[in-house]
>>> print(open('structure-v3.txt').read())   # compact mmCIF, C-alpha atoms
# COMPACT_ATOMS: atom_id res chain seq x y z
CA MET K 1 51.32 138.87 187.07
CA THR K 2 48.49 140.67 185.25
CA VAL K 3 49.88 139.69 181.85
CA LYS K 4 50.30 136.11 183.03
CA LEU K 5 46.71 135.93 184.27
CA ILE K 6 45.43 137.31 180.97
CA ARG K 7 47.49 134.79 179.01
CA ASN K 8 46.31 131.98 181.29
CA ALA K 9 42.69 133.04 180.73
CA TYR K 10 43.24 132.97 176.96
CA GLU K 11 44.74 129.48 177.03
CA ALA K 12 42.00 128.23 179.37
CA SER K 13 39.34 129.60 177.02
CA LEU K 14 40.89 127.69 174.10
CA THR K 15 40.91 124.46 176.09
CA MET K 16 37.32 124.89 177.25
CA THR K 17 36.20 125.70 173.69
CA ALA K 18 37.68 122.40 172.50
CA VAL K 19 36.13 120.57 175.46
CA LEU K 20 32.65 122.01 174.84
CA LEU K 21 32.90 121.31 171.12
CA CYS K 22 33.81 117.66 171.71
CA TRP K 23 31.15 117.37 174.42
CA ALA K 24 28.50 118.69 172.02
CA ALA K 25 29.58 116.23 169.31
CA ALA K 26 29.50 113.36 171.80
CA LEU K 27 26.07 114.50 173.03
CA TRP K 28 24.72 114.27 169.50
CA LEU K 29 26.38 110.89 169.01
CA GLU K 30 24.92 109.62 172.28
CA GLY K 31 21.41 110.43 171.16
CA ALA K 32 21.85 109.23 167.58
CA ALA K 33 23.48 105.91 168.44
CA GLY K 34 21.84 105.24 171.81
CA LEU K 35 25.10 105.22 173.76
CA HIS K 36 25.54 105.34 177.53
CA ALA K 37 25.87 108.82 179.07
CA ASP K 38 29.42 107.95 180.18
CA VAL K 39 30.51 108.63 176.61
CA LEU K 40 30.10 112.36 177.37
CA VAL K 41 32.42 112.11 180.35
CA LEU K 42 34.93 110.20 178.23
CA ALA K 43 34.90 112.98 175.63
CA VAL K 44 35.64 115.62 178.28
CA ALA K 45 38.21 113.45 180.08
CA LEU K 46 40.18 112.96 176.84
CA THR K 47 39.89 116.48 175.42
CA LEU K 48 40.82 118.35 178.60
CA PRO K 49 44.39 117.01 179.01
CA LEU K 50 44.97 116.56 175.27
CA ALA K 51 44.53 120.29 174.70
CA GLY K 52 47.42 121.02 177.06
CA VAL K 53 49.67 118.38 175.52
CA GLN K 54 49.01 119.45 171.92
CA ARG K 55 49.31 123.21 172.47
CA THR K 56 53.06 123.19 171.78
CA ALA K 57 53.17 120.06 169.61
CA ASP K 58 54.73 120.10 166.14
CA THR K 59 53.15 118.58 163.04
CA ARG K 60 54.61 115.17 163.83
CA GLY K 61 53.20 115.26 167.34
CA ARG K 62 49.73 116.22 166.12
CA LEU K 63 49.69 113.42 163.54
CA MET K 64 50.87 111.04 166.25
CA SER K 65 47.90 112.02 168.42
CA PHE K 66 45.41 111.07 165.68
CA VAL K 67 46.93 107.59 165.56
CA LEU K 68 47.79 106.83 169.17
CA LEU K 69 44.97 108.44 171.14
CA PRO K 70 42.01 106.72 169.40
CA ALA K 71 43.77 103.34 169.47
CA VAL K 72 44.70 103.53 173.15
CA ALA K 73 41.26 104.96 174.01
CA GLY K 74 39.72 101.82 172.55
CA VAL K 75 42.14 99.61 174.45
CA SER K 76 41.39 101.48 177.69
CA ILE K 77 37.69 100.62 177.34
CA LEU K 78 38.59 96.95 177.02
CA LEU K 79 40.86 97.36 180.05
CA GLY K 80 37.91 98.84 181.94
CA HIS K 81 35.94 95.66 181.25
CA LEU K 82 38.89 93.57 182.44
CA VAL K 83 39.14 95.53 185.70
CA ALA K 84 35.39 95.14 186.27
CA ASP K 85 35.39 91.37 185.60
CA HIS K 86 38.85 90.38 186.89
CA TYR K 87 40.08 93.13 189.20
CA ALA K 88 43.56 91.72 189.99
CA ALA K 89 44.40 91.02 186.34
CA GLY K 90 43.04 94.39 185.22
CA ALA K 91 44.99 96.21 187.94
CA ALA K 92 48.20 94.44 186.86
CA VAL K 93 47.69 95.39 183.19
CA PHE K 94 46.84 98.98 184.12
CA THR K 95 49.95 99.25 186.32
CA LEU K 96 52.13 98.01 183.47
CA GLY K 97 50.43 100.33 181.00
CA ILE K 98 50.89 103.42 183.17
CA SER K 99 54.55 102.64 183.92
CA LEU K 100 55.73 101.70 180.42
CA PRO K 101 55.35 105.25 178.97
CA ILE K 102 57.70 106.48 181.72
CA TRP K 103 60.30 103.80 181.05
CA ILE K 104 60.43 104.58 177.30
CA ARG K 105 61.56 108.17 177.96
CA ARG K 106 65.10 106.87 177.61
CA PHE K 107 64.54 106.70 173.86
CA GLY K 108 64.25 110.45 173.42
CA PRO K 109 61.71 113.30 173.11
CA ALA K 110 59.59 111.51 170.50
CA ALA K 111 59.15 108.51 172.79
CA THR K 112 58.34 110.84 175.70
CA LYS K 113 55.60 112.57 173.72
CA ALA K 114 54.21 109.24 172.50
CA GLY K 115 54.15 108.03 176.09
CA THR K 116 52.19 111.10 177.13
CA LEU K 117 49.51 110.38 174.54
CA MET K 118 49.39 106.72 175.57
CA THR K 119 48.77 107.74 179.17
CA LEU K 120 45.79 110.06 178.62
CA PRO K 121 43.13 107.37 177.95
CA LEU K 122 44.31 105.37 180.96
CA ILE K 123 43.79 108.39 183.19
CA ALA K 124 40.39 108.96 181.57
CA LEU K 125 39.55 105.38 182.56
CA LEU K 126 39.90 106.39 186.21
CA VAL K 127 37.32 109.12 185.67
CA VAL K 128 35.00 106.95 183.54
CA PRO K 129 35.32 103.39 184.90
CA GLY K 130 31.93 102.41 183.49
CA PRO K 131 31.03 101.34 179.92
CA ALA K 132 30.18 103.76 177.11
CA LEU K 133 27.49 101.47 175.67
CA PRO K 134 24.24 99.86 176.78
CA PRO K 135 24.76 96.31 178.16
CA LYS K 136 23.36 94.64 175.02
CA ASP K 137 25.99 96.33 172.82
CA GLN K 138 29.07 95.88 174.98
CA SER K 139 30.98 93.48 172.73
CA ALA K 140 34.75 93.95 172.65
CA LEU K 141 34.97 95.14 169.04
CA VAL K 142 32.02 97.54 169.27
CA SER K 143 33.26 99.04 172.56
CA TRP K 144 36.72 99.56 171.07
CA GLY K 145 35.26 101.23 167.98
CA TRP K 146 33.09 103.75 169.82
CA ALA K 147 35.84 104.69 172.26
CA ALA K 148 38.29 105.11 169.37
CA LEU K 149 35.78 107.37 167.63
CA ILE K 150 35.52 109.56 170.74
CA GLY K 151 39.32 109.72 170.81
CA MET K 152 39.31 110.85 167.18
CA LEU K 153 36.69 113.48 167.98
CA ALA K 154 38.85 114.80 170.82
CA CYS K 155 41.87 115.10 168.51
CA GLY K 156 39.82 116.82 165.82
CA CYS K 157 38.24 119.34 168.17
CA VAL K 158 41.56 120.23 169.80
CA ARG K 159 43.25 120.65 166.43
CA LEU K 160 40.41 122.77 165.01
CA VAL K 161 40.35 125.17 167.95
CA GLN K 162 44.12 125.50 168.29
CA ALA K 163 44.73 125.93 164.55
CA SER K 164 42.09 128.68 164.45
CA ALA K 165 43.68 130.36 167.47
CA ASP K 166 47.16 130.22 165.90
CA ARG K 167 45.79 131.88 162.78
CA LEU K 168 43.49 134.48 164.35
CA GLY K 169 44.40 134.79 168.03
CA PRO K 170 46.67 137.35 169.72
CA TRP K 171 49.18 134.77 171.01
CA ARG K 172 50.91 131.72 169.66
CA PRO K 173 52.44 128.96 171.78
CA GLU K 174 56.15 128.93 172.45
CA PRO K 175 57.41 125.41 171.70
CA ALA K 176 59.88 124.04 174.22
CA PRO K 177 63.22 123.41 172.50
CA ASP K 178 64.55 119.86 172.31
CA ARG K 179 67.92 120.25 174.00
CA PRO K 180 70.73 117.72 173.61
CA ARG K 181 70.37 114.80 175.99
CA ARG K 182 73.15 114.02 178.41
CA PRO K 183 73.86 110.44 179.42
CA SER K 184 72.83 109.79 182.99
CA ARG K 185 75.35 108.38 185.45
CA LEU K 186 72.62 106.92 187.62
CA ARG K 187 72.13 103.17 187.58
CA PRO K 188 69.32 102.25 187.18
CA ARG K 189 68.48 105.17 184.91
CA PRO K 190 66.11 107.88 186.16
CA SER K 191 63.40 106.74 183.74
CA THR K 192 63.64 103.20 185.14
CA ARG K 193 63.53 104.53 188.71
CA MET K 194 60.45 106.64 188.01
CA ALA K 195 58.72 103.74 186.25
CA VAL K 196 59.36 101.45 189.21
CA GLN K 197 58.15 104.10 191.66
CA MET K 198 54.99 104.65 189.61
CA ALA K 199 54.32 100.92 189.40
CA ALA K 200 54.73 100.49 193.15
CA ALA K 201 52.50 103.47 194.02
CA VAL K 202 49.74 102.50 191.55
CA ALA K 203 49.82 98.82 192.48
CA GLY K 204 49.54 99.74 196.17
CA ALA K 205 46.66 102.12 195.39
CA PHE K 206 44.79 99.38 193.51
CA THR K 207 45.27 96.99 196.42
CA PHE K 208 44.35 99.28 199.29
CA GLY K 209 41.79 101.20 197.24
CA ARG K 210 39.68 98.10 196.71
CA LEU K 211 40.09 96.92 200.29
CA LEU K 212 39.26 100.24 201.91
CA PHE K 213 37.00 102.05 199.44
CA ASP K 214 35.38 99.28 197.37
CA GLN K 215 34.08 100.72 194.07
CA HIS K 216 35.63 104.12 194.82
CA TRP K 217 39.17 102.76 194.32
CA PRO K 218 39.80 105.06 191.27
CA TRP K 219 40.18 108.09 193.57
CA MET K 220 43.14 106.53 195.34
CA VAL K 221 44.76 105.29 192.12
CA LEU K 222 44.35 108.67 190.41
CA THR K 223 45.98 110.51 193.32
CA ALA K 224 48.89 108.06 193.44
CA TYR K 225 49.45 108.61 189.72
CA VAL K 226 49.25 112.40 189.88
CA ALA K 227 51.62 112.70 192.83
CA ALA K 228 54.17 110.25 191.40
CA SER K 229 54.17 111.53 187.80
CA GLY K 230 56.68 114.07 186.57
CA ASN K 231 58.97 113.08 189.43
CA ARG K 232 61.71 115.68 189.90
CA GLY K 233 62.91 114.44 193.22
CA ARG K 234 61.54 113.54 196.63
CA ASN K 235 60.51 117.06 197.55
CA ASP K 236 58.63 117.49 194.27
CA VAL K 237 56.48 114.41 194.94
CA VAL K 238 55.76 115.56 198.50
CA ARG K 239 54.82 119.02 197.26
CA LYS K 240 52.39 117.68 194.65
CA GLY K 241 50.86 115.26 197.12
CA VAL K 242 50.28 118.04 199.66
CA GLU K 243 48.93 120.44 197.01
CA ARG K 244 46.48 117.82 195.75
CA PHE K 245 45.22 117.13 199.26
CA VAL K 246 44.90 120.82 200.17
CA GLY K 247 43.11 121.50 196.90
CA ALA K 248 40.79 118.55 197.46
CA CYS K 249 39.91 119.89 200.92
CA ALA K 250 39.03 123.26 199.42
CA GLY K 251 37.03 121.52 196.71
CA THR K 252 35.20 119.53 199.35
CA VAL K 253 34.07 122.74 201.05
CA LEU K 254 32.86 124.15 197.73
CA ALA K 255 31.11 120.93 196.76
CA THR K 256 29.38 120.79 200.13
CA GLY K 257 28.08 124.30 199.59
CA VAL K 258 26.77 123.33 196.15
CA ALA K 259 25.07 120.24 197.59
CA VAL K 260 23.46 122.27 200.37
CA ALA K 261 22.21 124.78 197.80
CA GLY K 262 20.45 121.93 196.00
CA ILE K 263 21.95 122.61 192.55
CA THR K 264 21.07 119.70 190.24
CA GLY K 265 20.24 118.86 186.63
CA ARG K 266 21.42 121.05 183.76
CA THR K 267 22.40 123.82 186.15
CA SER K 268 24.98 121.51 187.74
CA VAL K 269 26.42 120.72 184.28
CA VAL K 270 26.81 124.43 183.49
CA LEU K 271 28.40 125.02 186.89
CA MET K 272 30.74 122.06 186.37
CA PHE K 273 32.11 123.53 183.15
CA ALA K 274 32.45 126.94 184.80
CA VAL K 275 34.44 125.40 187.66
CA LEU K 276 36.71 123.56 185.20
CA ALA K 277 37.34 126.81 183.30
CA LEU K 278 38.27 128.64 186.52
CA ALA K 279 40.53 125.78 187.61
CA LEU K 280 42.28 125.76 184.23
CA TRP K 281 42.86 129.50 184.49
CA LEU K 282 44.47 129.26 187.92
CA ARG K 283 46.31 125.93 187.49
CA PRO K 284 49.61 127.48 186.26
CA LEU K 285 49.78 129.46 189.52
CA ASN K 286 49.44 126.43 191.81
CA TYR K 287 48.30 122.86 191.32
CA ALA K 288 46.06 123.12 194.39
CA TYR K 289 43.64 125.27 192.36
CA TRP K 290 43.27 122.48 189.82
CA ALA K 291 42.79 119.85 192.52
CA ALA K 292 40.07 121.98 194.13
CA GLY K 293 38.33 122.49 190.80
CA MET K 294 38.45 118.81 189.87
CA THR K 295 37.09 117.74 193.27
CA THR K 296 34.19 120.16 192.92
CA ALA K 297 33.51 119.19 189.29
CA LEU K 298 33.52 115.46 190.03
CA SER K 299 31.15 116.02 192.94
CA LEU K 300 28.79 117.90 190.62
CA LEU K 301 29.06 115.04 188.13
CA LEU K 302 28.16 112.48 190.80
CA GLY K 303 25.20 114.59 191.81
CA TYR K 304 24.05 114.84 188.19
CA TYR K 305 24.01 111.04 187.94
CA GLY K 306 21.95 110.77 191.09
CA GLN K 307 24.62 109.83 193.64
CA ASP K 308 24.78 111.48 197.04
CA ALA K 309 27.97 113.40 196.39
CA GLN K 310 27.89 115.08 199.80
CA SER K 311 28.11 111.75 201.66
CA LEU K 312 31.07 110.68 199.50
CA LEU K 313 33.22 113.76 200.05
CA LEU K 314 34.88 112.48 203.23
CA THR K 315 35.57 109.16 201.51
CA ARG K 316 37.17 111.02 198.62
CA LEU K 317 39.44 112.96 200.99
CA GLU K 318 40.55 109.77 202.72
CA ALA K 319 41.33 108.12 199.39
CA ILE K 320 43.27 111.17 198.19
CA ALA K 321 45.30 111.34 201.40
CA LEU K 322 46.24 107.66 201.25
CA GLY K 323 47.02 107.79 197.53
CA ALA K 324 49.35 110.74 198.05
CA ALA K 325 51.01 108.98 200.98
CA LEU K 326 51.72 105.92 198.81
CA ALA K 327 53.30 108.08 196.10
CA MET K 328 55.44 109.92 198.66
CA ALA K 329 56.63 106.68 200.26
CA SER K 330 57.48 105.17 196.88
CA ALA K 331 59.45 108.25 195.77
CA TRP K 332 61.24 108.62 199.10
CA TRP K 333 62.41 105.06 199.73
CA LEU K 334 62.24 103.15 196.43
CA LEU K 335 65.10 104.07 194.06
CA PRO K 336 64.85 107.84 194.78
CA VAL K 337 65.51 110.24 191.92
CA PRO K 338 67.82 113.20 192.67
CA ALA K 339 66.39 116.62 191.90
CA PRO K 340 67.65 117.91 188.50
CA ARG K 341 69.71 121.03 188.15
CA ARG K 342 69.68 122.31 184.60
CA HIS K 343 68.29 119.19 182.94
CA GLY K 344 65.53 116.78 183.81
CA PRO K 345 65.71 113.00 184.25
CA ASP K 346 67.77 111.23 181.56
CA GLY K 347 69.18 114.61 180.53
CA SER K 348 65.95 115.98 179.11
CA SER K 349 64.96 119.60 179.47
CA PRO K 350 62.62 120.34 182.40
CA ARG K 351 60.45 122.32 179.97
CA LEU K 352 59.60 119.26 177.89
CA PRO K 353 56.15 117.78 178.46
CA VAL K 354 56.32 115.32 181.35
CA ILE K 355 53.83 112.50 181.53
CA GLY K 356 51.03 113.50 183.83
CA HIS K 357 52.72 116.63 185.21
CA ARG K 358 50.52 119.11 183.32
CA GLN K 359 47.43 116.90 183.01
CA GLY K 360 46.91 116.45 186.67
>>> encode(input="structure-v3.txt", output="structure tokens")
Amino acid sequence: MTVKLIRNAYEASLTMTAVLLCWAAALWLEGAAGLHADVLVLAVALTLPLAGVQRTADTRGRLMSFVLLPAVAGVSILLGHLVADHYAAGAAVFTLGISLPIWIRRFGPAATKAGTLMTLPLIALLVVPGPALPPKDQSALVSWGWAALIGMLACGCVRLVQASADRLGPWRPEPAPDRPRRPSRLRPRPSTRMAVQMAAAVAGAFTFGRLLFDQHWPWMVLTAYVAASGNRGRNDVVRKGVERFVGACAGTVLATGVAVAGITGRTSVVLMFAVLALALWLRPLNYAYWAAGMTTALSLLLGYYGQDAQSLLLTRLEAIALGAALAMASAWWLLPVPAPRRHGPDGSSPRLPVIGHRQG
């Protein structure tokens, strides 16, 4: 356990180094180009999960990230505008976009990895639903270009840090082997079942999230996605849903303590990064640690932007509980996927990157 904790701390430090490097570059860009402060959150939201995905990627996977991530990051910004202006249409496009990368797993490991990269900017959109530009500069082409540039920065920072670590660090990643795929006897295929379950859970979260929580709908959608992703059977979805809720409760207690202490301004930003680093370190032990850390960090972020984070904590818990319940119901009753034995859905190895399972 001691060796594992030390290795986890090393990997977490690499991820946070890449995150801070990209955040610093975005901070300079924000001041130089007069961008909205949300561009900083976008940089962190893209770099944080990308570092985990790219840690064991081969050369082809890294090159793929430089092409796919910036392009989809730009599209996600346009999708954010669509959701803001035409909620139903935007929700439908988002639901399709989050389900398609799961369906294409049937085409092999390369398609699975491409789908993972395609998903990251969509999840970042749930964290940064606002624009990255001042209102006068929010044309479609300009918005796409700046978001794509932030995506490129995220890829560059992750690659720089990880390449330096592979050359100078004490450990190197252990790539998961691509094992032969076995044809599935299930009809519809597991990838189709998981895509349908994801679409149902996310669509329900969009619907009820807007009705019950108004502009805070992203919390419910994000939870539905996290609980439904990486589906390895009914029990797996229930476990992740419960862990996310328990972690969020713990994070709520921590965030309340921070709010009572009156921590604001730059101090809250420093504390937010410290909480993310701690959550990254403990995440391999249990997903609840990551959920607690994210809840606390998002509360600090809301406080930094002037919102009363303390008054929103109960609302966040309600949204998380309902989002998890939707994912559980979808996995339990809608085309359930049997738990794998030696191989994952569609015959893939359980050790292969699964969309959303590690990004949380």
>>> residues_around(input="structure-v3.txt", residues="stretch 239-253 of chain K", least_positions_apart="5", cutoff="6 Å", atoms="all atoms listed in the file", output="number ranges by chain")
K: 227, 288-289, 291-292, 295-296, 324
>>> atom_distance(input="structure-v3.txt", atom1="atom CA of K:Ala319", atom2="atom CA of K:Met220")
4.7 Å
>>> residues_around(input="structure-v3.txt", residues="K:Ala147", least_positions_apart="4", cutoff="7 Å", atoms="all atoms listed in the file", output="list in words")
Ala73, Gly74, Ile77, Ser143 and Gly151 of chain K
>>> residues_around(input="structure-v3.txt", residues="K:Val196", least_positions_apart="6", cutoff="9 Å", atoms="only C-alpha atoms", output="ChimeraX atom specification")
/K:99,103,330,334-335
>>> residues_around(input="structure-v3.txt", residues="K:Met64", least_positions_apart="5", cutoff="10 Å", atoms="all atoms listed in the file", output="PDB file with C-alpha atoms, in the frame of the given file")
ATOM      1  CA  ALA K  57      53.170 120.060 169.610  1.00  0.00           C
ATOM      2  CA  ASP K  58      54.730 120.100 166.140  1.00  0.00           C
ATOM      3  CA  THR K  59      53.150 118.580 163.040  1.00  0.00           C
ATOM      4  CA  LEU K  69      44.970 108.440 171.140  1.00  0.00           C
ATOM      5  CA  ALA K 110      59.590 111.510 170.500  1.00  0.00           C
ATOM      6  CA  LYS K 113      55.600 112.570 173.720  1.00  0.00           C
ATOM      7  CA  ALA K 114      54.210 109.240 172.500  1.00  0.00           C
ATOM      8  CA  LEU K 117      49.510 110.380 174.540  1.00  0.00           C
TER       9      LEU K 117
END
>>> atom_distance(input="structure-v3.txt", atom1="atom CA of K:Phe66", atom2="atom CA of K:Leu122")
16.3 Å
>>> atom_distance(input="structure-v3.txt", atom1="atom CA of K:Leu46", atom2="atom CA of K:Leu276")
13.9 Å
>>> closest_residue(input="structure-v3.txt", among="K:Ala148, K:Leu313, K:Ala327, K:Met272", to="K:Leu68", atoms="only C-alpha atoms")
K:Ala148
>>> decode(input="structure-v3.txt", residues="stretch 202-302 of chain K", atoms="C-alpha atoms", output="mmCIF file, in the first residue's frame")
data_model
loop_
_atom_site.group_PDB
_atom_site.id
_atom_site.type_symbol
_atom_site.label_atom_id
_atom_site.label_comp_id
_atom_site.auth_asym_id
_atom_site.auth_seq_id
_atom_site.Cartn_x
_atom_site.Cartn_y
_atom_site.Cartn_z
ATOM 1 C CA VAL K 202 -28.264 11.982 -20.066
ATOM 2 C CA ALA K 203 -31.498 12.902 -21.846
ATOM 3 C CA GLY K 204 -33.428 12.376 -18.606
ATOM 4 C CA ALA K 205 -30.872 14.473 -16.708
ATOM 5 C CA PHE K 206 -31.216 17.326 -19.200
ATOM 6 C CA THR K 207 -34.996 17.210 -18.897
ATOM 7 C CA PHE K 208 -35.328 16.986 -15.126
ATOM 8 C CA GLY K 209 -32.228 19.092 -14.501
ATOM 9 C CA ARG K 210 -33.745 22.098 -16.236
ATOM 10 C CA LEU K 211 -37.151 21.589 -14.650
ATOM 11 C CA LEU K 212 -35.885 21.131 -11.107
ATOM 12 C CA PHE K 213 -32.597 23.047 -10.938
ATOM 13 C CA ASP K 214 -32.864 25.702 -13.664
ATOM 14 C CA GLN K 215 -29.361 26.941 -14.614
ATOM 15 C CA HIS K 216 -27.720 24.340 -12.366
ATOM 16 C CA TRP K 217 -28.751 21.488 -14.699
ATOM 17 C CA PRO K 218 -25.068 20.601 -15.510
ATOM 18 C CA TRP K 219 -24.634 19.010 -12.066
ATOM 19 C CA MET K 220 -27.338 16.448 -12.767
ATOM 20 C CA VAL K 221 -26.118 15.739 -16.309
ATOM 21 C CA LEU K 222 -22.510 15.330 -15.170
ATOM 22 C CA THR K 223 -23.488 12.840 -12.468
ATOM 23 C CA ALA K 224 -25.636 10.823 -14.876
ATOM 24 C CA TYR K 225 -22.689 10.641 -17.273
ATOM 25 C CA VAL K 226 -20.137 9.648 -14.633
ATOM 26 C CA ALA K 227 -22.310 6.916 -13.129
ATOM 27 C CA ALA K 228 -23.313 5.464 -16.510
ATOM 28 C CA SER K 229 -19.873 5.561 -18.166
ATOM 29 C CA GLY K 230 -17.545 2.591 -18.156
ATOM 30 C CA ASN K 231 -20.544 0.344 -17.523
ATOM 31 C CA ARG K 232 -19.399 -3.098 -16.361
ATOM 32 C CA GLY K 233 -22.762 -4.305 -15.236
ATOM 33 C CA ARG K 234 -25.634 -3.200 -13.036
ATOM 34 C CA ASN K 235 -23.711 -3.426 -9.791
ATOM 35 C CA ASP K 236 -20.855 -1.345 -11.194
ATOM 36 C CA VAL K 237 -23.211 1.532 -12.061
ATOM 37 C CA VAL K 238 -24.850 1.370 -8.632
ATOM 38 C CA ARG K 239 -21.439 1.370 -6.946
ATOM 39 C CA LYS K 240 -20.229 4.431 -8.871
ATOM 40 C CA GLY K 241 -23.476 6.268 -8.255
ATOM 41 C CA VAL K 242 -23.270 5.623 -4.511
ATOM 42 C CA GLU K 243 -19.562 6.523 -4.366
ATOM 43 C CA ARG K 244 -20.188 9.803 -6.183
ATOM 44 C CA PHE K 245 -23.002 10.725 -3.806
ATOM 45 C CA VAL K 246 -21.033 9.778 -0.673
ATOM 46 C CA GLY K 247 -18.031 11.698 -1.943
ATOM 47 C CA ALA K 248 -20.190 14.713 -2.747
ATOM 48 C CA CYS K 249 -21.602 14.657 0.789
ATOM 49 C CA ALA K 250 -18.091 14.664 2.213
ATOM 50 C CA GLY K 251 -17.131 17.452 -0.168
ATOM 51 C CA THR K 252 -20.167 19.425 0.937
ATOM 52 C CA VAL K 253 -19.001 19.280 4.553
ATOM 53 C CA LEU K 254 -15.517 20.440 3.542
ATOM 54 C CA ALA K 255 -16.852 23.208 1.324
ATOM 55 C CA THR K 256 -19.128 24.414 4.103
ATOM 56 C CA GLY K 257 -16.142 24.646 6.423
ATOM 57 C CA VAL K 258 -14.215 26.641 3.809
ATOM 58 C CA ALA K 259 -17.180 28.994 3.327
ATOM 59 C CA VAL K 260 -17.544 29.511 7.075
ATOM 60 C CA ALA K 261 -13.817 30.273 7.314
ATOM 61 C CA GLY K 262 -14.314 33.048 4.758
ATOM 62 C CA ILE K 263 -11.584 31.895 2.349
ATOM 63 C CA THR K 264 -11.862 33.932 -0.876
ATOM 64 C CA GLY K 265 -9.784 35.459 -3.661
ATOM 65 C CA ARG K 266 -6.383 34.071 -4.594
ATOM 66 C CA THR K 267 -6.257 31.980 -1.438
ATOM 67 C CA SER K 268 -9.311 30.034 -2.647
ATOM 68 C CA VAL K 269 -7.589 29.394 -5.996
ATOM 69 C CA VAL K 270 -4.493 27.996 -4.254
ATOM 70 C CA LEU K 271 -6.685 25.860 -2.014
ATOM 71 C CA MET K 272 -8.671 24.629 -5.024
ATOM 72 C CA PHE K 273 -5.531 23.327 -6.728
ATOM 73 C CA ALA K 274 -4.372 21.738 -3.470
ATOM 74 C CA VAL K 275 -7.713 19.942 -3.111
ATOM 75 C CA LEU K 276 -7.521 18.704 -6.714
ATOM 76 C CA ALA K 277 -4.003 17.369 -6.112
ATOM 77 C CA LEU K 278 -5.121 15.500 -2.985
ATOM 78 C CA ALA K 279 -8.160 14.089 -4.787
ATOM 79 C CA LEU K 280 -5.991 12.906 -7.686
ATOM 80 C CA TRP K 281 -3.644 11.192 -5.253
ATOM 81 C CA LEU K 282 -6.442 9.275 -3.539
ATOM 82 C CA ARG K 283 -8.678 8.615 -6.567
ATOM 83 C CA PRO K 284 -7.133 5.206 -7.446
ATOM 84 C CA LEU K 285 -8.086 3.993 -3.949
ATOM 85 C CA ASN K 286 -11.772 4.924 -4.228
ATOM 86 C CA TYR K 287 -13.772 7.154 -6.534
ATOM 87 C CA ALA K 288 -15.487 8.772 -3.539
ATOM 88 C CA TYR K 289 -12.257 10.676 -2.802
ATOM 89 C CA TRP K 290 -12.353 12.215 -6.264
ATOM 90 C CA ALA K 291 -16.036 13.107 -5.949
ATOM 91 C CA ALA K 292 -15.364 14.800 -2.603
ATOM 92 C CA GLY K 293 -12.439 16.733 -4.039
ATOM 93 C CA MET K 294 -14.352 17.874 -7.113
ATOM 94 C CA THR K 295 -17.336 19.021 -5.031
ATOM 95 C CA THR K 296 -15.049 21.065 -2.799
ATOM 96 C CA ALA K 297 -13.068 22.488 -5.734
ATOM 97 C CA LEU K 298 -16.190 23.524 -7.646
ATOM 98 C CA SER K 299 -17.569 25.186 -4.533
ATOM 99 C CA LEU K 300 -14.330 27.151 -4.187
ATOM 100 C CA LEU K 301 -14.587 28.111 -7.853
ATOM 101 C CA LEU K 302 -18.149 29.377 -7.392
#
